[in-house]
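Shown below: upload.pdb, with PDB, C-alpha atoms.
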```
MODEL        1
ATOM      1  CA  MET A  28     -26.830 -16.102 -70.287
ATOM      2  CA  THR A  29     -23.372 -14.589 -70.816
ATOM      3  CA  ASP A  30     -20.106 -15.586 -69.164
ATOM      4  CA  HIS A  31     -20.197 -12.389 -67.018
ATOM      5  CA  ASP A  32     -23.528 -13.419 -65.496
ATOM      6  CA  ASP A  33     -22.332 -16.912 -64.543
ATOM      7  CA  PRO A  34     -21.574 -16.984 -60.743
ATOM      8  CA  ASN A  35     -19.017 -19.751 -61.316
ATOM      9  CA  ASP A  36     -17.009 -17.635 -63.759
ATOM     10  CA  PRO A  37     -13.377 -17.387 -62.428
ATOM     11  CA  ARG A  38     -13.301 -13.679 -63.333
ATOM     12  CA  HIS A  39     -15.803 -12.965 -60.513
ATOM     13  CA  PHE A  40     -13.495 -14.684 -58.041
ATOM     14  CA  LEU A  41     -10.382 -12.859 -59.308
ATOM     15  CA  SER A  42     -12.082  -9.454 -59.172
ATOM     16  CA  ALA A  43     -13.318 -10.169 -55.634
ATOM     17  CA  ILE A  44      -9.890 -11.057 -54.210
ATOM     18  CA  GLY A  45      -7.995  -8.256 -55.928
ATOM     19  CA  GLU A  46      -4.324  -8.238 -56.829
ATOM     20  CA  VAL A  47      -2.445 -11.497 -56.233
ATOM     21  CA  ARG A  48       1.287 -12.092 -55.783
ATOM     22  CA  ARG A  49       3.137 -15.364 -55.997
ATOM     23  CA  LEU A  50       4.648 -16.755 -52.772
ATOM     24  CA  LYS A  51       8.340 -17.651 -52.783
ATOM     25  CA  HIS A  52       7.763 -20.675 -50.518
ATOM     26  CA  ASP A  53       4.872 -22.730 -49.245
ATOM     27  CA  ARG A  54       5.595 -22.428 -45.489
ATOM     28  CA  ALA A  55       3.453 -20.311 -43.210
ATOM     29  CA  GLU A  56       5.149 -17.466 -41.363
ATOM     30  CA  VAL A  57       4.679 -18.320 -37.715
ATOM     31  CA  ARG A  58       5.675 -15.724 -35.169
ATOM     32  CA  PRO A  59       5.784 -16.487 -31.477
ATOM     33  CA  PRO A  60       2.828 -14.971 -29.616
ATOM     34  CA  ARG A  61       3.440 -11.565 -28.127
ATOM     35  CA  PRO A  62       4.056 -11.643 -24.398
ATOM     36  CA  ARG A  63       1.176 -10.597 -22.199
ATOM     37  CA  ALA A  64       1.335  -6.930 -21.311
ATOM     38  CA  ARG A  65       2.403  -6.347 -17.731
ATOM     39  CA  ALA A  66       2.192  -3.126 -15.804
ATOM     40  CA  GLU A  67       5.802  -3.490 -14.654
ATOM     41  CA  LYS A  68       6.422   0.254 -14.551
ATOM     42  CA  ARG A  69       3.333   0.711 -12.416
ATOM     43  CA  ARG A  70       4.504  -2.005 -10.013
ATOM     44  CA  GLU A  71       7.886  -0.287  -9.766
ATOM     45  CA  ASP A  72       6.167   3.052  -9.125
ATOM     46  CA  ASP A  73       3.964   1.492  -6.428
ATOM     47  CA  ARG A  74       6.991  -0.083  -4.726
ATOM     48  CA  ALA A  75       8.873   3.219  -4.878
ATOM     49  CA  ALA A  76       5.899   5.061  -3.404
ATOM     50  CA  VAL A  77       5.734   2.620  -0.490
ATOM     51  CA  ARG A  78       9.493   3.010   0.086
ATOM     52  CA  ASP A  79       9.156   6.802   0.014
ATOM     53  CA  LEU A  80       6.155   6.821   2.318
ATOM     54  CA  LEU A  81       7.909   4.645   4.825
ATOM     55  CA  SER A  82      11.295   6.300   4.528
ATOM     56  CA  ASP A  83      13.111   7.219   7.678
ATOM     57  CA  PRO A  84      13.039  10.955   8.383
ATOM     58  CA  VAL A  85      16.083  12.930   9.428
ATOM     59  CA  GLY A  86      15.733  13.923  13.061
ATOM     60  CA  ALA A  87      13.041  11.392  13.944
ATOM     61  CA  THR A  88      14.781  10.911  17.262
ATOM     62  CA  GLU A  89      13.827  14.387  18.520
ATOM     63  CA  ILE A  90      10.981  12.680  20.365
ATOM     64  CA  GLN A  91      11.794  11.956  24.003
ATOM     65  CA  PRO A  92      10.839   8.821  25.978
ATOM     66  CA  GLY A  93       8.008  10.543  27.891
ATOM     67  CA  ASP A  94       6.595  12.488  24.927
ATOM     68  CA  GLU A  95       3.063  11.625  23.856
ATOM     69  CA  LEU A  96       2.348  10.903  20.234
ATOM     70  CA  ARG A  97      -0.802  12.355  18.724
ATOM     71  CA  PHE A  98      -2.110  12.974  15.239
ATOM     72  CA  LEU A  99      -5.498  13.744  13.730
ATOM     73  CA  ARG A 100      -6.063  13.837   9.980
ATOM     74  CA  SER A 101      -7.098  17.314   8.830
ATOM     75  CA  GLY A 102     -10.848  17.893   8.697
ATOM     76  CA  LEU A 103     -11.780  15.314  11.354
ATOM     77  CA  ASN A 104     -13.572  16.148  14.582
ATOM     78  CA  PRO A 105     -11.101  16.670  17.494
ATOM     79  CA  ARG A 106     -13.418  14.530  19.635
ATOM     80  CA  ILE A 107     -12.156  11.485  17.685
ATOM     81  CA  LEU A 108      -8.608  12.044  18.958
ATOM     82  CA  ARG A 109      -9.857  12.684  22.502
ATOM     83  CA  ASN A 110     -11.854   9.435  22.498
ATOM     84  CA  LEU A 111      -8.920   7.526  21.015
ATOM     85  CA  LYS A 112      -6.557   8.817  23.749
ATOM     86  CA  ARG A 113      -9.064   7.760  26.415
ATOM     87  CA  GLY A 114      -9.230   4.233  25.010
ATOM     88  CA  HIS A 115     -12.898   4.461  23.986
ATOM     89  CA  TYR A 116     -12.375   2.388  20.831
ATOM     90  CA  ARG A 117     -12.159  -1.393  21.044
ATOM     91  CA  LEU A 118      -8.674  -2.647  20.141
ATOM     92  CA  GLN A 119      -8.857  -5.271  17.414
ATOM     93  CA  ASP A 120      -5.189  -6.178  16.970
ATOM     94  CA  GLU A 121      -1.705  -5.422  18.259
ATOM     95  CA  LEU A 122       1.892  -5.395  17.024
ATOM     96  CA  ASP A 123       4.917  -5.398  19.332
ATOM     97  CA  LEU A 124       8.110  -3.983  17.819
ATOM     98  CA  HIS A 125      10.423  -4.742  20.754
ATOM     99  CA  GLY A 126      13.734  -6.184  19.588
ATOM    100  CA  LEU A 127      13.347  -5.181  15.933
ATOM    101  CA  PHE A 128      15.788  -3.079  13.947
ATOM    102  CA  ALA A 129      14.350  -0.019  12.192
ATOM    103  CA  SER A 130      14.224  -1.717   8.768
ATOM    104  CA  GLU A 131      12.455  -4.761  10.243
ATOM    105  CA  ALA A 132      10.064  -2.529  12.156
ATOM    106  CA  ARG A 133       9.200  -0.550   9.015
ATOM    107  CA  GLN A 134       8.248  -3.729   7.157
ATOM    108  CA  ALA A 135       6.356  -5.091  10.164
ATOM    109  CA  VAL A 136       4.337  -1.866  10.549
ATOM    110  CA  ALA A 137       3.450  -1.745   6.849
ATOM    111  CA  ALA A 138       2.413  -5.415   6.765
ATOM    112  CA  PHE A 139       0.466  -5.098  10.036
ATOM    113  CA  LEU A 140      -1.500  -2.048   8.893
ATOM    114  CA  ASN A 141      -2.166  -3.535   5.454
ATOM    115  CA  GLU A 142      -3.511  -6.708   7.070
ATOM    116  CA  ALA A 143      -5.579  -4.727   9.575
ATOM    117  CA  GLN A 144      -7.109  -2.732   6.736
ATOM    118  CA  ALA A 145      -7.751  -5.892   4.682
ATOM    119  CA  HIS A 146      -9.605  -7.440   7.647
ATOM    120  CA  SER A 147     -11.609  -4.257   8.358
ATOM    121  CA  ARG A 148      -9.984  -3.637  11.734
ATOM    122  CA  LEU A 149     -10.574  -0.039  12.749
ATOM    123  CA  CYS A 150      -8.556   0.339  15.950
ATOM    124  CA  VAL A 151      -5.177  -1.283  16.548
ATOM    125  CA  ARG A 152      -2.195  -0.776  18.829
ATOM    126  CA  ILE A 153       1.501  -0.764  18.088
ATOM    127  CA  VAL A 154       3.923  -1.181  20.983
ATOM    128  CA  HIS A 155       7.098   0.667  19.974
ATOM    129  CA  GLY A 156       8.710   0.943  23.375
ATOM    130  CA  LYS A 157       9.735   4.042  25.278
ATOM    131  CA  GLY A 158      13.334   4.009  24.108
ATOM    132  CA  LEU A 159      14.778   3.906  27.603
ATOM    133  CA  ARG A 160      17.615   1.616  26.442
ATOM    134  CA  SER A 161      18.440   3.792  23.414
ATOM    135  CA  ARG A 162      20.805   5.933  25.529
ATOM    136  CA  GLN A 163      21.546   9.337  23.991
ATOM    137  CA  GLN A 164      19.845   8.443  20.687
ATOM    138  CA  GLY A 165      16.422   8.782  22.245
ATOM    139  CA  PRO A 166      13.501   6.498  21.363
ATOM    140  CA  VAL A 167      14.341   5.524  17.767
ATOM    141  CA  LEU A 168      11.344   3.322  16.952
ATOM    142  CA  LYS A 169       8.922   5.697  18.630
ATOM    143  CA  GLY A 170       9.989   8.579  16.359
ATOM    144  CA  LEU A 171       9.963   6.377  13.285
ATOM    145  CA  VAL A 172       6.486   4.990  14.043
ATOM    146  CA  ASP A 173       5.235   8.557  14.470
ATOM    147  CA  HIS A 174       6.649   9.437  11.037
ATOM    148  CA  TRP A 175       5.463   6.279   9.267
ATOM    149  CA  LEU A 176       1.892   6.584  10.570
ATOM    150  CA  ARG A 177       1.599  10.211   9.429
ATOM    151  CA  GLN A 178       2.550   9.139   5.891
ATOM    152  CA  ARG A 179      -0.258   6.609   5.496
ATOM    153  CA  ASP A 180      -3.582   7.738   4.034
ATOM    154  CA  ASP A 181      -5.423   4.924   5.817
ATOM    155  CA  VAL A 182      -4.456   6.302   9.267
ATOM    156  CA  LEU A 183      -7.110   8.728  10.491
ATOM    157  CA  ALA A 184      -5.639   9.353  13.939
ATOM    158  CA  PHE A 185      -3.191   8.008  16.473
ATOM    159  CA  ALA A 186      -2.399   8.739  20.091
ATOM    160  CA  SER A 187      -0.155   7.393  22.815
ATOM    161  CA  ALA A 188      -1.872   4.656  24.777
ATOM    162  CA  ARG A 189      -3.266   4.827  28.298
ATOM    163  CA  PRO A 190      -0.804   3.700  31.005
ATOM    164  CA  VAL A 191      -2.582   0.350  31.336
ATOM    165  CA  ASP A 192      -1.957  -0.306  27.595
ATOM    166  CA  GLY A 193       1.700   0.771  27.472
ATOM    167  CA  GLY A 194       1.494   4.541  27.960
ATOM    168  CA  THR A 195       4.025   6.491  25.921
ATOM    169  CA  GLY A 196       5.577   3.198  24.778
ATOM    170  CA  ALA A 197       2.559   2.293  22.654
ATOM    171  CA  VAL A 198       0.178   4.007  20.277
ATOM    172  CA  TYR A 199      -3.498   3.499  19.450
ATOM    173  CA  ILE A 200      -4.240   3.853  15.744
ATOM    174  CA  LEU A 201      -7.624   4.557  14.165
ATOM    175  CA  LEU A 202      -7.857   3.341  10.565
ATOM    176  CA  LYS A 203     -10.164   4.249   7.698
ATOM    177  CA  ARG A 204     -12.855   1.765   6.856
ATOM    178  CA  ALA A 205     -11.700  -0.403   3.985
ATOM    179  CA  ARG A 206     -13.665   0.144   0.792
ATOM    180  CA  VAL A 207     -15.790  -2.825  -0.078
ATOM    181  CA  PRO A 208     -15.639  -3.559  -3.815
ATOM    182  CA  GLY A 209     -18.958  -3.677  -5.547
TER     183      GLY A 209
ENDMDL
END
```
As structure tokens - that is how I would like this structure written.
Amino acid sequence: MTDHDDPNDPRHFLSAIGEVRRLKHDRAEVRPPRPRARAEKRREDDRAAVRDLLSDPVGATEIQPGDELRFLRSGLNPRILRNLKRGHYRLQDELDLHGLFASEARQAVAAFLNEAQAHSRLCVRIVHGKGLRSRQQGPVLKGLVDHWLRQRDDVLAFASARPVDGGTGAVYILLKRARVPG
């Protein structure tokens, strides 16, 4: 048996590990762990999208106190809006905006609709008031609610309520069914 055939021959080890260089010190180079990746830009984009969707339109006050609100998402059967206006859907929750400033109302509407969607509520009511105390401005919250609801993809339809439920000072809202993960 020759030295090249011996598995304990140091030349086998040296050929297996390849070129070697001498270290200048005997301490390990320890780098702090990289921070966990966060989708910060995506969060910023999502927040900006929500702000844009719920932005206040110019001229939202063109709506008058007695005007009825109505909206039906494109492609849906008009009978849905008719049944909503007649109060044929069971109300599952309500939000009253009386006494709120526009910025507070915007946040309240967004939180209310998000919670309604999260709890699979399909029909809700928002009381925005008729704007009778808004003087020459007209019904501010009513116009803003009309705008905000049109911007949300989860709103299928909305219509001013029946007189017994607030009339033109309130709106029934029909929401999309929440997607169940799985």
Give as a list in words each residue that has an atom at most 12 Å from (-14.8, -8.5, 9.1) in the file, counting only C-alpha atoms.
-> Gln119, Glu142, Ala143, Gln144, Ala145, His146, Ser147, Arg148, Leu149, Arg204, Ala205 and Val207 of chain A
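Here CA of Asp181 in chain A and CA of Phe128 in chain A stand 24.1 Å from one another.
As for CA of Leu183 in chain A and CA of Arg100 in chain A, they are spaced 5.2 Å apart.
Closest to Phe98 in chain A among A:Val151, A:Ile200, A:Leu140, A:Leu127 is A:Ile200, based on only C-alpha atoms.
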On this structure, which residues satisfy the PyMOL selection byres ((chain A and resi 173) around 12), written as an MDAnalysis selection string?
-> chainID A and resid 81:84 86:90 94:99 133 136 153:155 166:172 174:179 182 184:187 195:200
Atoms kept (C-alpha atoms) for selection, written as a PDB file, keeping the file's coordinate frame:
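Okay, out_4.pdb is ready:
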```
ATOM      1  CA  LEU A  81       7.909   4.645   4.825  1.00  0.00           C
ATOM      2  CA  SER A  82      11.295   6.300   4.528  1.00  0.00           C
ATOM      3  CA  ASP A  83      13.111   7.219   7.678  1.00  0.00           C
ATOM      4  CA  PRO A  84      13.039  10.955   8.383  1.00  0.00           C
ATOM      5  CA  GLY A  86      15.733  13.923  13.061  1.00  0.00           C
ATOM      6  CA  ALA A  87      13.041  11.392  13.944  1.00  0.00           C
ATOM      7  CA  THR A  88      14.781  10.911  17.262  1.00  0.00           C
ATOM      8  CA  GLU A  89      13.827  14.387  18.520  1.00  0.00           C
ATOM      9  CA  ILE A  90      10.981  12.680  20.365  1.00  0.00           C
ATOM     10  CA  ASP A  94       6.595  12.488  24.927  1.00  0.00           C
ATOM     11  CA  GLU A  95       3.063  11.625  23.856  1.00  0.00           C
ATOM     12  CA  LEU A  96       2.348  10.903  20.234  1.00  0.00           C
ATOM     13  CA  ARG A  97      -0.802  12.355  18.724  1.00  0.00           C
ATOM     14  CA  PHE A  98      -2.110  12.974  15.239  1.00  0.00           C
ATOM     15  CA  LEU A  99      -5.498  13.744  13.730  1.00  0.00           C
ATOM     16  CA  ARG A 133       9.200  -0.550   9.015  1.00  0.00           C
ATOM     17  CA  VAL A 136       4.337  -1.866  10.549  1.00  0.00           C
ATOM     18  CA  ILE A 153       1.501  -0.764  18.088  1.00  0.00           C
ATOM     19  CA  VAL A 154       3.923  -1.181  20.983  1.00  0.00           C
ATOM     20  CA  HIS A 155       7.098   0.667  19.974  1.00  0.00           C
ATOM     21  CA  PRO A 166      13.501   6.498  21.363  1.00  0.00           C
ATOM     22  CA  VAL A 167      14.341   5.524  17.767  1.00  0.00           C
ATOM     23  CA  LEU A 168      11.344   3.322  16.952  1.00  0.00           C
ATOM     24  CA  LYS A 169       8.922   5.697  18.630  1.00  0.00           C
ATOM     25  CA  GLY A 170       9.989   8.579  16.359  1.00  0.00           C
ATOM     26  CA  LEU A 171       9.963   6.377  13.285  1.00  0.00           C
ATOM     27  CA  VAL A 172       6.486   4.990  14.043  1.00  0.00           C
ATOM     28  CA  HIS A 174       6.649   9.437  11.037  1.00  0.00           C
ATOM     29  CA  TRP A 175       5.463   6.279   9.267  1.00  0.00           C
ATOM     30  CA  LEU A 176       1.892   6.584  10.570  1.00  0.00           C
ATOM     31  CA  ARG A 177       1.599  10.211   9.429  1.00  0.00           C
ATOM     32  CA  GLN A 178       2.550   9.139   5.891  1.00  0.00           C
ATOM     33  CA  ARG A 179      -0.258   6.609   5.496  1.00  0.00           C
ATOM     34  CA  VAL A 182      -4.456   6.302   9.267  1.00  0.00           C
ATOM     35  CA  ALA A 184      -5.639   9.353  13.939  1.00  0.00           C
ATOM     36  CA  PHE A 185      -3.191   8.008  16.473  1.00  0.00           C
ATOM     37  CA  ALA A 186      -2.399   8.739  20.091  1.00  0.00           C
ATOM     38  CA  SER A 187      -0.155   7.393  22.815  1.00  0.00           C
ATOM     39  CA  THR A 195       4.025   6.491  25.921  1.00  0.00           C
ATOM     40  CA  GLY A 196       5.577   3.198  24.778  1.00  0.00           C
ATOM     41  CA  ALA A 197       2.559   2.293  22.654  1.00  0.00           C
ATOM     42  CA  VAL A 198       0.178   4.007  20.277  1.00  0.00           C
ATOM     43  CA  TYR A 199      -3.498   3.499  19.450  1.00  0.00           C
ATOM     44  CA  ILE A 200      -4.240   3.853  15.744  1.00  0.00           C
TER      45      ILE A 200
END
```
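Atom pair CA of Ala43 in chain A / CA of Val57 in chain A: separated by 26.7 Å.
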With 5 Å on each side, where is the centre of the axis-aligned box around all listed atoms of range 108-123 of chain A, and how long are its edges in Å to one decimal, as AutoDock Vina command-line options?
```
--center_x -4.0 --center_y 3.3 --center_z 21.7 --size_x 27.8 --size_y 28.9 --size_z 19.4
```
Sel. within 6 Å of pt (12.9, -2.7, 23.7), counting all atoms listed in the file, output as a CSV table (one decimal) with C-alpha atoms, in the frame of the given file:
```csv
chain,number,residue,atom,x,y,z
A,125,HIS,CA,10.4,-4.7,20.8
A,126,GLY,CA,13.7,-6.2,19.6
A,156,GLY,CA,8.7,0.9,23.4
```
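When all atoms listed in the file are used to compute distances to Leu202 in chain A, the closest of the residues A:Leu103, A:Cys150, A:Leu118, A:Leu111 turns out to be A:Cys150.
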For range 40-53 of chain A, supply N, CA and C atoms and report the output as a PDB file, in the coordinates of the input.
```
ATOM      1  N   PHE A  40     -14.367 -14.361 -59.168  1.00  0.00           N
ATOM      2  CA  PHE A  40     -13.495 -14.684 -58.041  1.00  0.00           C
ATOM      3  C   PHE A  40     -12.262 -13.792 -58.051  1.00  0.00           C
ATOM      4  N   LEU A  41     -11.593 -13.668 -59.207  1.00  0.00           N
ATOM      5  CA  LEU A  41     -10.382 -12.859 -59.308  1.00  0.00           C
ATOM      6  C   LEU A  41     -10.652 -11.388 -59.034  1.00  0.00           C
ATOM      7  N   SER A  42     -11.777 -10.861 -59.455  1.00  0.00           N
ATOM      8  CA  SER A  42     -12.082  -9.454 -59.172  1.00  0.00           C
ATOM      9  C   SER A  42     -12.411  -9.256 -57.687  1.00  0.00           C
ATOM     10  N   ALA A  43     -12.976 -10.276 -57.054  1.00  0.00           N
ATOM     11  CA  ALA A  43     -13.318 -10.169 -55.634  1.00  0.00           C
ATOM     12  C   ALA A  43     -12.074 -10.185 -54.751  1.00  0.00           C
ATOM     13  N   ILE A  44     -11.064 -10.969 -55.081  1.00  0.00           N
ATOM     14  CA  ILE A  44      -9.890 -11.057 -54.210  1.00  0.00           C
ATOM     15  C   ILE A  44      -8.852  -9.993 -54.511  1.00  0.00           C
ATOM     16  N   GLY A  45      -8.924  -9.331 -55.609  1.00  0.00           N
ATOM     17  CA  GLY A  45      -7.995  -8.256 -55.928  1.00  0.00           C
ATOM     18  C   GLY A  45      -6.670  -8.771 -56.440  1.00  0.00           C
ATOM     19  N   GLU A  46      -5.639  -7.919 -56.285  1.00  0.00           N
ATOM     20  CA  GLU A  46      -4.324  -8.238 -56.829  1.00  0.00           C
ATOM     21  C   GLU A  46      -3.703  -9.426 -56.086  1.00  0.00           C
ATOM     22  N   VAL A  47      -3.035 -10.286 -56.790  1.00  0.00           N
ATOM     23  CA  VAL A  47      -2.445 -11.497 -56.233  1.00  0.00           C
ATOM     24  C   VAL A  47      -0.958 -11.476 -56.503  1.00  0.00           C
ATOM     25  N   ARG A  48      -0.151 -11.952 -55.551  1.00  0.00           N
ATOM     26  CA  ARG A  48       1.287 -12.092 -55.783  1.00  0.00           C
ATOM     27  C   ARG A  48       1.697 -13.521 -55.460  1.00  0.00           C
ATOM     28  N   ARG A  49       2.680 -13.988 -56.157  1.00  0.00           N
ATOM     29  CA  ARG A  49       3.137 -15.364 -55.997  1.00  0.00           C
ATOM     30  C   ARG A  49       4.017 -15.457 -54.736  1.00  0.00           C
ATOM     31  N   LEU A  50       3.834 -16.501 -53.958  1.00  0.00           N
ATOM     32  CA  LEU A  50       4.648 -16.755 -52.772  1.00  0.00           C
ATOM     33  C   LEU A  50       5.957 -17.409 -53.189  1.00  0.00           C
ATOM     34  N   LYS A  51       7.038 -17.078 -52.466  1.00  0.00           N
ATOM     35  CA  LYS A  51       8.340 -17.651 -52.783  1.00  0.00           C
ATOM     36  C   LYS A  51       8.507 -19.034 -52.154  1.00  0.00           C
ATOM     37  N   HIS A  52       7.692 -19.358 -51.162  1.00  0.00           N
ATOM     38  CA  HIS A  52       7.763 -20.675 -50.518  1.00  0.00           C
ATOM     39  C   HIS A  52       6.366 -21.053 -50.051  1.00  0.00           C
ATOM     40  N   ASP A  53       6.211 -22.269 -49.644  1.00  0.00           N
ATOM     41  CA  ASP A  53       4.872 -22.730 -49.245  1.00  0.00           C
ATOM     42  C   ASP A  53       4.744 -22.926 -47.732  1.00  0.00           C
TER      43      ASP A  53
END
```
